[in-house]
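*Asks:* This is the structure, below, for whatever I ask next.
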Amino acid sequence: MKKCILVSGGAGFIGSHVTVELIDAGYDVIVADNMSNCDMTCFEGVKKITGRGDIPFVKMDFCDAVATELLFTTNHIDAVIHFAGFKAVGESVSEPLQYYQNNLDSFMNVLESARHHGCDNILFSSSATVYGEPEKLPVTEESPRQPATSPYGNTKQILEDVLRDSVQAYSNVKGIALRYFNPVGAHPSALIGELPRGVPNNLVPFITQTAIGKRECLSIFGNDYPTPDGTCQRDFIDIVDLAKAHVFAVRRMLEGKMKKEYEIFNVGTGKPLSVLELITAFQEATGVKLNYKFAPRRAGDVTAIWADPSLANQELGWKAERPIKDTLAAAWAWEKHLAGK
Ligand code: UD1
């Protein structure tokens, strides 16, 4: 019998790409989302890409414990991939209570209901933000976590710990936390991608919106960092590659191949790219000249961070494959798709 995966927050940027890869790998998927930060564009795109107009969709809020319990009562769920949560760093600083309440309540309701219903496989979407400003690069899963610089980052740390402690306390429950570096790009079909509300905070949506003329000029936040070209360095991981890591991780759980009951994996390329290098790659990949200027540093940014992805490479059998230019060309195709071009 096909295994059924619940993707909470599955209508968003990462969730929609993960849904496509899960279906492609032969899983049944239930997508649940409260649509607080997205519309149906990506879910409709997922249906087109997979040719599956019948993917179950539940509009619900995981902060609602009764609704969460009902979802597990009415469906047999083998594993949960949990994305439902707020993710804007700046907003989390001005609205900490909203962030703590939403991100913590929703995951704890999922864990509680999953436990009641014998769903023992939980995958949590964590972030490289837990490493803060690392002392040594690249970061391995053993690199120390640093005190979070935002409530958003803190929710990631807290929820990793909630999962770790639940796994320890409740027999049979298994957990994997995937620590994402900088997910970018879009599906090659250009039918799903990132849909930021308002002015984008993240670099690549700002680049594509500038390129298409929605924004006048990209500000590069800081060119006086102690890096080769003075701009920050990140590990930009293609969204489809990142989505595939979830399939490997879920399979590992469902097939009983985990070495410990709680595992953590970095999901990155292992290759640093500076903000300027990324802009150059975008221009080369698309032939579009980008209007940009240097601006002061952005508060809270780390100088440089990139992954050592060896553990995921070895244990999950997963590796980032897509060249950055293909990733950026896909992000551009998605932006043009949105603009109807
Ligand atoms: C942030 C979050 C990370 C989250 C990721 C999602 C923190 C500290 N960071 O990462 O947890 O997973 O978003 O994608 O919690 N930049 C510009 N101009 C812009 C926008 C960005 O120069 O208009 C620069 C930034 O200064 C930074 C780099 O681009 O150096 C990447 O920024 P961004 O895309 O926002 O990601 P992070 O801050 O690395």
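We name chains A, B, ... following the order of the structure tokens; residues begin at 1 in each chain, and ligands are numbered from 1 as shown.
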Can you tell me which residues surround His76 (chain A) at a distance of at most 10 Å, considering only C-alpha atoms, apart from same-chain residues fewer than 4 positions away, and format the answer as a list in words?
*Replies:* Lys3, Cys4, Ile5, Leu6, Leu71, Phe72, His117, Gly118 and Cys119 of chain A
*Asks:* Atoms to include: N, CA and C atoms. Write the selected residues as a short mmCIF file (atom, residue, chain, number, x, y, z; two decimals), in the first residue's frame.
*Replies:*
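Final output, selection02.cif:
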data_model
loop_
_atom_site.label_atom_id
_atom_site.label_comp_id
_atom_site.auth_asym_id
_atom_site.auth_seq_id
_atom_site.Cartn_x
_atom_site.Cartn_y
_atom_site.Cartn_z
N LYS A 3 2.36 4.71 0.96
CA LYS A 3 2.43 5.45 2.23
C LYS A 3 1.89 6.85 2.01
N CYS A 4 1.26 7.38 3.05
CA CYS A 4 0.65 8.71 2.93
C CYS A 4 1.43 9.73 3.77
N ILE A 5 1.82 10.81 3.12
CA ILE A 5 2.60 11.85 3.78
C ILE A 5 1.74 13.11 3.92
N LEU A 6 1.66 13.62 5.13
CA LEU A 6 1.00 14.91 5.35
C LEU A 6 2.04 16.01 5.19
N LEU A 71 -8.03 15.97 11.43
CA LEU A 71 -7.29 15.58 10.22
C LEU A 71 -6.67 14.19 10.39
N PHE A 72 -6.11 13.95 11.56
CA PHE A 72 -5.49 12.65 11.82
C PHE A 72 -6.54 11.56 12.05
N HIS A 117 -2.29 9.07 17.11
CA HIS A 117 -2.77 8.24 16.00
C HIS A 117 -1.69 7.30 15.46
N GLY A 118 -0.61 7.15 16.19
CA GLY A 118 0.41 6.18 15.81
C GLY A 118 1.19 6.57 14.57
N CYS A 119 1.21 7.86 14.26
CA CYS A 119 2.06 8.34 13.15
C CYS A 119 3.41 8.73 13.76
#
*Asks:* Just want the 9 Å neighbourhood of region 135-148 of chain A, counted on only C-alpha atoms, with same-chain residues fewer than 4 positions away dropped. Output as a PyMOL selection string.
*Replies:* chain A and resi 128-131+152-157+179+264-266+270-272+304-311
*Asks:* Enumerate, in order of chain and increasing residue number, the residues of chain A with an atom no farther than 9 Å from ligand 1, each with its shortest atom pair and distance in Å to one decimal, counting only C-alpha atoms and all ligand atoms, as a tab-separated table.
*Replies:*
residue	atom	partner	partner_atom_place_in_ligand_line	distance
A:Lys87	CA	ligand 1	4 (C)	7.3
A:Ala88	CA	ligand 1	13 (O)	7.6
A:Val89	CA	ligand 1	15 (O)	5.6
A:Gly90	CA	ligand 1	15 (O)	8.9
A:Ser126	CA	ligand 1	12 (O)	8.0
A:Ser127	CA	ligand 1	12 (O)	5.3
A:Ala128	CA	ligand 1	11 (O)	6.1
A:Thr129	CA	ligand 1	11 (O)	4.4
A:Val130	CA	ligand 1	11 (O)	7.8
A:Gly132	CA	ligand 1	8 (C)	7.2
A:Ala148	CA	ligand 1	15 (O)	8.3
A:Thr149	CA	ligand 1	8 (C)	7.2
A:Ser150	CA	ligand 1	15 (O)	7.0
A:Tyr152	CA	ligand 1	15 (O)	6.8
A:Gly153	CA	ligand 1	15 (O)	5.5
A:Lys156	CA	ligand 1	11 (O)	8.8
A:Arg179	CA	ligand 1	12 (O)	8.6
A:Tyr180	CA	ligand 1	12 (O)	6.3
A:Phe181	CA	ligand 1	12 (O)	6.0
A:Asn182	CA	ligand 1	14 (O)	4.8
A:Pro183	CA	ligand 1	14 (O)	5.5
A:Val184	CA	ligand 1	14 (O)	7.1
A:Pro200	CA	ligand 1	23 (O)	7.3
A:Asn201	CA	ligand 1	35 (O)	5.3
A:Asn202	CA	ligand 1	34 (O)	3.3
A:Leu203	CA	ligand 1	20 (C)	3.7
A:Val204	CA	ligand 1	34 (O)	6.4
A:Pro205	CA	ligand 1	34 (O)	8.2
A:Phe206	CA	ligand 1	23 (O)	5.6
A:Ile207	CA	ligand 1	23 (O)	7.5
A:Leu218	CA	ligand 1	23 (O)	5.8
A:Ser219	CA	ligand 1	18 (N)	5.0
A:Ile220	CA	ligand 1	22 (O)	3.4
A:Phe221	CA	ligand 1	22 (O)	3.9
A:Gly222	CA	ligand 1	22 (O)	6.9
A:Asn223	CA	ligand 1	22 (O)	9.0
A:Thr231	CA	ligand 1	30 (O)	6.9
A:Cys232	CA	ligand 1	30 (O)	4.5
A:Gln233	CA	ligand 1	30 (O)	6.5
A:Arg234	CA	ligand 1	39 (O)	6.3
A:Asp235	CA	ligand 1	39 (O)	8.4
A:Phe236	CA	ligand 1	31 (C)	8.7
A:Ser274	CA	ligand 1	30 (O)	7.9
A:Val275	CA	ligand 1	29 (O)	5.6
A:Leu276	CA	ligand 1	22 (O)	8.6
A:Phe294	CA	ligand 1	22 (O)	8.1
A:Ala295	CA	ligand 1	22 (O)	8.0
A:Arg297	CA	ligand 1	26 (O)	6.8
A:Arg298	CA	ligand 1	26 (O)	5.7
A:Ala299	CA	ligand 1	26 (O)	8.5
A:Gly300	CA	ligand 1	8 (C)	6.2
A:Asp301	CA	ligand 1	8 (C)	5.7
A:Val302	CA	ligand 1	8 (C)	6.9
A:Thr303	CA	ligand 1	30 (O)	7.1
A:Ala304	CA	ligand 1	30 (O)	7.9
A:Ile305	CA	ligand 1	39 (O)	8.2
*Asks:* Let's see if you can do this: from backbone DSSP, list all strand (DSSP E) residues in region 261-308 of chain A, as a PyMOL selection string.
*Replies:* chain A and resi 262-267+273-274+292-295
*Asks:* Write a file of the selected residues as a PDB file, in the first residue's frame, keeping C-alpha atoms.
*Replies:*
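Listing of result.pdb after writing:
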ATOM      1  CA  TYR A 262      16.519  11.763  15.982  1.00  0.00           C
ATOM      2  CA  GLU A 263      18.748  12.831  13.131  1.00  0.00           C
ATOM      3  CA  ILE A 264      19.831  16.184  11.754  1.00  0.00           C
ATOM      4  CA  PHE A 265      21.070  16.857   8.240  1.00  0.00           C
ATOM      5  CA  ASN A 266      22.444  19.956   6.567  1.00  0.00           C
ATOM      6  CA  VAL A 267      20.812  20.556   3.212  1.00  0.00           C
ATOM      7  CA  LEU A 273      28.697  32.070  -3.349  1.00  0.00           C
ATOM      8  CA  SER A 274      28.846  35.767  -2.574  1.00  0.00           C
ATOM      9  CA  TYR A 292      22.042  47.367  -8.318  1.00  0.00           C
ATOM     10  CA  LYS A 293      23.794  49.580  -5.809  1.00  0.00           C
ATOM     11  CA  PHE A 294      25.715  49.088  -2.607  1.00  0.00           C
ATOM     12  CA  ALA A 295      23.882  49.950   0.588  1.00  0.00           C
TER      13      ALA A 295
END
*Asks:* For a test of reading the model, state the distance in Å between CA of Ala243 (chain A) and CA of Ala79 (chain A), rounded to one decimal.
*Replies:*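 Going from CA of Ala243 (chain A) over to CA of Ala79 (chain A), I get 15.6 Å.
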*Asks:* Out of A:His82, A:Arg197, A:His17, A:Arg115, which residue has the shortest atom-to-atom distance to Ser166 (chain A) when counting only C-alpha atoms?
*Replies:*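 Comparing A:His82, A:Arg197, A:His17, A:Arg115 against Ser166 (chain A), the winner is A:Arg115.
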*Asks:* For each of A:Pro188, A:Gly175, A:Gly340, A:Gly9, take the minimum atom-to-atom distance to Lys259 (chain A), counting only C-alpha atoms, then give the residue where this is smallest.
*Replies:*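 Ranked by minimum distance to Lys259 (chain A), first place goes to A:Gly175.
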*Asks:* Per DSSP on the backbone, filter region 100-199 of chain A down to the residues in helix (DSSP H, G or I) and report them as a ChimeraX atom specification.
*Replies:* /A:100-116,128-131,151-169
*Asks:* As an exercise, work out the distance from CA of Asp61 (chain A) to CA of Ser125 (chain A) in Å and give it to one decimal place.
*Replies:*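 CA of Ser125 (chain A) lies 17.4 Å from CA of Asp61 (chain A).
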*Asks:* Could you work out how far CA of Ser8 (chain A) lies from CA of Leu195 (chain A), giving the answer in Å with one decimal?
*Replies:*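 Taking CA of Leu195 (chain A) as the start and CA of Ser8 (chain A) as the end point, the length is 17.5 Å.
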*Asks:* Skip Asp326 (chain A) itself and residues of its chain fewer than 2 positions away, then list as a list in words all residues within 9 Å of it, counting only C-alpha atoms.
*Replies:*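 These residues fall inside the cut-off: Gly185, Pro188, Asp238, Ala285, Arg322, Pro323, Ile324, Leu328, Ala329, Ala330 and Ala331 of chain A.
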*Asks:* Go ahead and dump the residues you just picked, all heavy atoms, as a PDB file, in the first residue's frame.
*Replies:*
ATOM      1  N   GLY A 185      15.344  29.550  -6.406  1.00  0.00           N
ATOM      2  CA  GLY A 185      14.996  28.985  -7.703  1.00  0.00           C
ATOM      3  C   GLY A 185      13.524  28.657  -7.799  1.00  0.00           C
ATOM      4  O   GLY A 185      12.696  29.160  -7.026  1.00  0.00           O
ATOM      5  N   PRO A 188      11.498  23.674 -12.856  1.00  0.00           N
ATOM      6  CA  PRO A 188      11.824  23.935 -14.272  1.00  0.00           C
ATOM      7  C   PRO A 188      10.601  24.182 -15.142  1.00  0.00           C
ATOM      8  O   PRO A 188      10.706  24.816 -16.196  1.00  0.00           O
ATOM      9  CB  PRO A 188      12.546  22.660 -14.725  1.00  0.00           C
ATOM     10  CG  PRO A 188      12.685  21.779 -13.552  1.00  0.00           C
ATOM     11  CD  PRO A 188      12.080  22.419 -12.353  1.00  0.00           C
ATOM     12  N   ASP A 238      19.368  24.854  -4.659  1.00  0.00           N
ATOM     13  CA  ASP A 238      18.245  24.811  -5.590  1.00  0.00           C
ATOM     14  C   ASP A 238      17.010  24.193  -4.925  1.00  0.00           C
ATOM     15  O   ASP A 238      17.109  23.162  -4.256  1.00  0.00           O
ATOM     16  CB  ASP A 238      18.644  23.976  -6.811  1.00  0.00           C
ATOM     17  CG  ASP A 238      17.519  23.898  -7.809  1.00  0.00           C
ATOM     18  OD1 ASP A 238      17.416  24.828  -8.624  1.00  0.00           O
ATOM     19  OD2 ASP A 238      16.733  22.927  -7.772  1.00  0.00           O
ATOM     20  N   ALA A 285      23.186  33.912 -16.693  1.00  0.00           N
ATOM     21  CA  ALA A 285      22.185  32.871 -16.987  1.00  0.00           C
ATOM     22  C   ALA A 285      21.015  33.417 -17.798  1.00  0.00           C
ATOM     23  O   ALA A 285      20.413  32.689 -18.587  1.00  0.00           O
ATOM     24  CB  ALA A 285      21.662  32.271 -15.683  1.00  0.00           C
ATOM     25  N   ARG A 322      21.888  20.622  -9.156  1.00  0.00           N
ATOM     26  CA  ARG A 322      21.572  21.596 -10.197  1.00  0.00           C
ATOM     27  C   ARG A 322      22.552  22.771 -10.188  1.00  0.00           C
ATOM     28  O   ARG A 322      22.740  23.411  -9.147  1.00  0.00           O
ATOM     29  CB  ARG A 322      20.152  22.113  -9.935  1.00  0.00           C
ATOM     30  CG  ARG A 322      19.398  22.413 -11.192  1.00  0.00           C
ATOM     31  CD  ARG A 322      17.908  22.353 -10.931  1.00  0.00           C
ATOM     32  NE  ARG A 322      17.185  22.900 -12.055  1.00  0.00           N
ATOM     33  CZ  ARG A 322      16.136  23.684 -11.931  1.00  0.00           C
ATOM     34  NH1 ARG A 322      15.681  24.012 -10.745  1.00  0.00           N
ATOM     35  NH2 ARG A 322      15.527  24.143 -13.004  1.00  0.00           N
ATOM     36  N   PRO A 323      23.156  23.091 -11.334  1.00  0.00           N
ATOM     37  CA  PRO A 323      24.067  24.242 -11.373  1.00  0.00           C
ATOM     38  C   PRO A 323      23.313  25.546 -11.080  1.00  0.00           C
ATOM     39  O   PRO A 323      22.156  25.688 -11.473  1.00  0.00           O
ATOM     40  CB  PRO A 323      24.595  24.247 -12.813  1.00  0.00           C
ATOM     41  CG  PRO A 323      24.199  22.933 -13.402  1.00  0.00           C
ATOM     42  CD  PRO A 323      23.014  22.431 -12.640  1.00  0.00           C
ATOM     43  N   ILE A 324      24.003  26.454 -10.424  1.00  0.00           N
ATOM     44  CA  ILE A 324      23.348  27.700  -9.976  1.00  0.00           C
ATOM     45  C   ILE A 324      22.724  28.478 -11.145  1.00  0.00           C
ATOM     46  O   ILE A 324      21.672  29.094 -11.006  1.00  0.00           O
ATOM     47  CB  ILE A 324      24.318  28.585  -9.141  1.00  0.00           C
ATOM     48  CG1 ILE A 324      23.571  29.758  -8.504  1.00  0.00           C
ATOM     49  CG2 ILE A 324      25.492  29.079  -9.969  1.00  0.00           C
ATOM     50  CD1 ILE A 324      22.620  29.429  -7.421  1.00  0.00           C
ATOM     51  N   LEU A 328      18.945  29.850 -11.297  1.00  0.00           N
ATOM     52  CA  LEU A 328      18.574  31.256 -11.471  1.00  0.00           C
ATOM     53  C   LEU A 328      17.749  31.459 -12.744  1.00  0.00           C
ATOM     54  O   LEU A 328      16.830  32.295 -12.770  1.00  0.00           O
ATOM     55  CB  LEU A 328      19.827  32.129 -11.467  1.00  0.00           C
ATOM     56  CG  LEU A 328      20.560  32.117 -10.113  1.00  0.00           C
ATOM     57  CD1 LEU A 328      21.918  32.797 -10.213  1.00  0.00           C
ATOM     58  CD2 LEU A 328      19.715  32.769  -9.018  1.00  0.00           C
ATOM     59  N   ALA A 329      18.052  30.670 -13.779  1.00  0.00           N
ATOM     60  CA  ALA A 329      17.239  30.753 -15.004  1.00  0.00           C
ATOM     61  C   ALA A 329      15.810  30.316 -14.690  1.00  0.00           C
ATOM     62  O   ALA A 329      14.834  30.892 -15.203  1.00  0.00           O
ATOM     63  CB  ALA A 329      17.841  29.875 -16.095  1.00  0.00           C
ATOM     64  N   ALA A 330      15.658  29.322 -13.812  1.00  0.00           N
ATOM     65  CA  ALA A 330      14.310  28.863 -13.444  1.00  0.00           C
ATOM     66  C   ALA A 330      13.578  29.929 -12.629  1.00  0.00           C
ATOM     67  O   ALA A 330      12.369  30.162 -12.823  1.00  0.00           O
ATOM     68  CB  ALA A 330      14.402  27.560 -12.662  1.00  0.00           C
ATOM     69  N   ALA A 331      14.303  30.596 -11.723  1.00  0.00           N
ATOM     70  CA  ALA A 331      13.683  31.668 -10.929  1.00  0.00           C
ATOM     71  C   ALA A 331      13.200  32.785 -11.868  1.00  0.00           C
ATOM     72  O   ALA A 331      12.127  33.372 -11.677  1.00  0.00           O
ATOM     73  CB  ALA A 331      14.685  32.227  -9.916  1.00  0.00           C
TER      74      ALA A 331
END
*Asks:* So that I can see what lies close to Ala211 (chain A), please list as a PDB file with N, CA, C and O atoms, in the first residue's frame the residues with an atom at most 10 Å from it, counting only C-alpha atoms and leaving out residues fewer than 4 positions away in the same chain.
*Replies:*
ATOM      1  N   PRO A 205      14.215  36.603  -4.940  1.00  0.00           N
ATOM      2  CA  PRO A 205      12.991  37.267  -5.404  1.00  0.00           C
ATOM      3  C   PRO A 205      13.191  38.763  -5.658  1.00  0.00           C
ATOM      4  O   PRO A 205      12.602  39.326  -6.580  1.00  0.00           O
ATOM      5  N   PHE A 206      14.063  39.385  -4.862  1.00  0.00           N
ATOM      6  CA  PHE A 206      14.319  40.812  -5.106  1.00  0.00           C
ATOM      7  C   PHE A 206      15.043  40.993  -6.439  1.00  0.00           C
ATOM      8  O   PHE A 206      14.747  41.917  -7.211  1.00  0.00           O
ATOM      9  N   ILE A 207      15.961  40.085  -6.734  1.00  0.00           N
ATOM     10  CA  ILE A 207      16.689  40.157  -8.007  1.00  0.00           C
ATOM     11  C   ILE A 207      15.713  39.998  -9.177  1.00  0.00           C
ATOM     12  O   ILE A 207      15.712  40.804 -10.121  1.00  0.00           O
ATOM     13  N   ARG A 215      10.774  46.319  -9.244  1.00  0.00           N
ATOM     14  CA  ARG A 215      11.582  47.112  -8.302  1.00  0.00           C
ATOM     15  C   ARG A 215      12.603  47.877  -9.123  1.00  0.00           C
ATOM     16  O   ARG A 215      13.090  47.362 -10.132  1.00  0.00           O
ATOM     17  N   GLU A 216      12.933  49.084  -8.634  1.00  0.00           N
ATOM     18  CA  GLU A 216      13.824  49.929  -9.416  1.00  0.00           C
ATOM     19  C   GLU A 216      15.272  49.445  -9.375  1.00  0.00           C
ATOM     20  O   GLU A 216      15.953  49.388 -10.391  1.00  0.00           O
ATOM     21  N   CYS A 217      15.688  49.089  -8.162  1.00  0.00           N
ATOM     22  CA  CYS A 217      17.114  48.820  -7.984  1.00  0.00           C
ATOM     23  C   CYS A 217      17.314  47.870  -6.801  1.00  0.00           C
ATOM     24  O   CYS A 217      16.665  48.023  -5.773  1.00  0.00           O
ATOM     25  N   LEU A 218      18.201  46.931  -6.964  1.00  0.00           N
ATOM     26  CA  LEU A 218      18.533  46.026  -5.863  1.00  0.00           C
ATOM     27  C   LEU A 218      19.590  46.672  -4.984  1.00  0.00           C
ATOM     28  O   LEU A 218      20.588  47.180  -5.502  1.00  0.00           O
ATOM     29  N   PHE A 282      23.341  35.360 -12.216  1.00  0.00           N
ATOM     30  CA  PHE A 282      21.995  35.645 -12.720  1.00  0.00           C
ATOM     31  C   PHE A 282      22.079  36.353 -14.079  1.00  0.00           C
ATOM     32  O   PHE A 282      21.363  36.004 -15.021  1.00  0.00           O
ATOM     33  N   GLN A 283      22.963  37.338 -14.156  1.00  0.00           N
ATOM     34  CA  GLN A 283      23.090  38.099 -15.413  1.00  0.00           C
ATOM     35  C   GLN A 283      23.553  37.189 -16.541  1.00  0.00           C
ATOM     36  O   GLN A 283      23.055  37.267 -17.655  1.00  0.00           O
ATOM     37  N   THR A 286      20.696  34.695 -17.588  1.00  0.00           N
ATOM     38  CA  THR A 286      19.467  35.237 -18.192  1.00  0.00           C
ATOM     39  C   THR A 286      19.735  36.267 -19.286  1.00  0.00           C
ATOM     40  O   THR A 286      18.816  36.609 -20.042  1.00  0.00           O
ATOM     41  N   VAL A 288      20.087  39.261 -18.658  1.00  0.00           N
ATOM     42  CA  VAL A 288      19.455  40.504 -18.200  1.00  0.00           C
ATOM     43  C   VAL A 288      20.447  41.276 -17.340  1.00  0.00           C
ATOM     44  O   VAL A 288      21.072  40.718 -16.446  1.00  0.00           O
ATOM     45  N   LYS A 289      20.593  42.567 -17.629  1.00  0.00           N
ATOM     46  CA  LYS A 289      21.506  43.392 -16.829  1.00  0.00           C
ATOM     47  C   LYS A 289      20.723  43.902 -15.621  1.00  0.00           C
ATOM     48  O   LYS A 289      19.628  44.439 -15.746  1.00  0.00           O
ATOM     49  N   LEU A 290      21.302  43.703 -14.463  1.00  0.00           N
ATOM     50  CA  LEU A 290      20.587  44.042 -13.231  1.00  0.00           C
ATOM     51  C   LEU A 290      21.023  45.406 -12.704  1.00  0.00           C
ATOM     52  O   LEU A 290      22.219  45.702 -12.639  1.00  0.00           O
ATOM     53  N   ASN A 291      20.053  46.191 -12.311  1.00  0.00           N
ATOM     54  CA  ASN A 291      20.347  47.481 -11.718  1.00  0.00           C
ATOM     55  C   ASN A 291      20.572  47.291 -10.221  1.00  0.00           C
ATOM     56  O   ASN A 291      19.645  46.897  -9.505  1.00  0.00           O
ATOM     57  N   TRP A 332      13.984  33.038 -12.890  1.00  0.00           N
ATOM     58  CA  TRP A 332      13.639  34.083 -13.855  1.00  0.00           C
ATOM     59  C   TRP A 332      12.421  33.662 -14.708  1.00  0.00           C
ATOM     60  O   TRP A 332      11.494  34.450 -14.946  1.00  0.00           O
ATOM     61  N   GLU A 335       9.394  34.185 -12.609  1.00  0.00           N
ATOM     62  CA  GLU A 335       9.029  35.607 -12.501  1.00  0.00           C
ATOM     63  C   GLU A 335       8.305  36.052 -13.778  1.00  0.00           C
ATOM     64  O   GLU A 335       7.297  36.762 -13.734  1.00  0.00           O
ATOM     65  N   LYS A 336       8.808  35.599 -14.928  1.00  0.00           N
ATOM     66  CA  LYS A 336       8.168  35.965 -16.201  1.00  0.00           C
ATOM     67  C   LYS A 336       6.796  35.310 -16.316  1.00  0.00           C
ATOM     68  O   LYS A 336       5.845  35.925 -16.808  1.00  0.00           O
TER      69      LYS A 336
END
*Asks:* With a distance cut-off of 12 Å and only C-alpha atoms, select the neighbouring residues of Val250 (chain A), excluding the residue or stretch itself and same-chain residues fewer than 6 positions from it, and output the selection as a PyMOL selection string.
*Replies:* chain A and resi 3-7+18+21-22+25+27+78-82+120-124+174-178+243-244+256-258+263+316
*Asks:* Just want the 8 Å neighbourhood of region 44-46 of chain A, counted on only C-alpha atoms, with same-chain residues fewer than 5 positions away dropped. Output as a list of chain:residue names.
*Replies:* A:Ser16, A:His17, A:Thr19, A:Val20, A:Leu191, A:Ile192
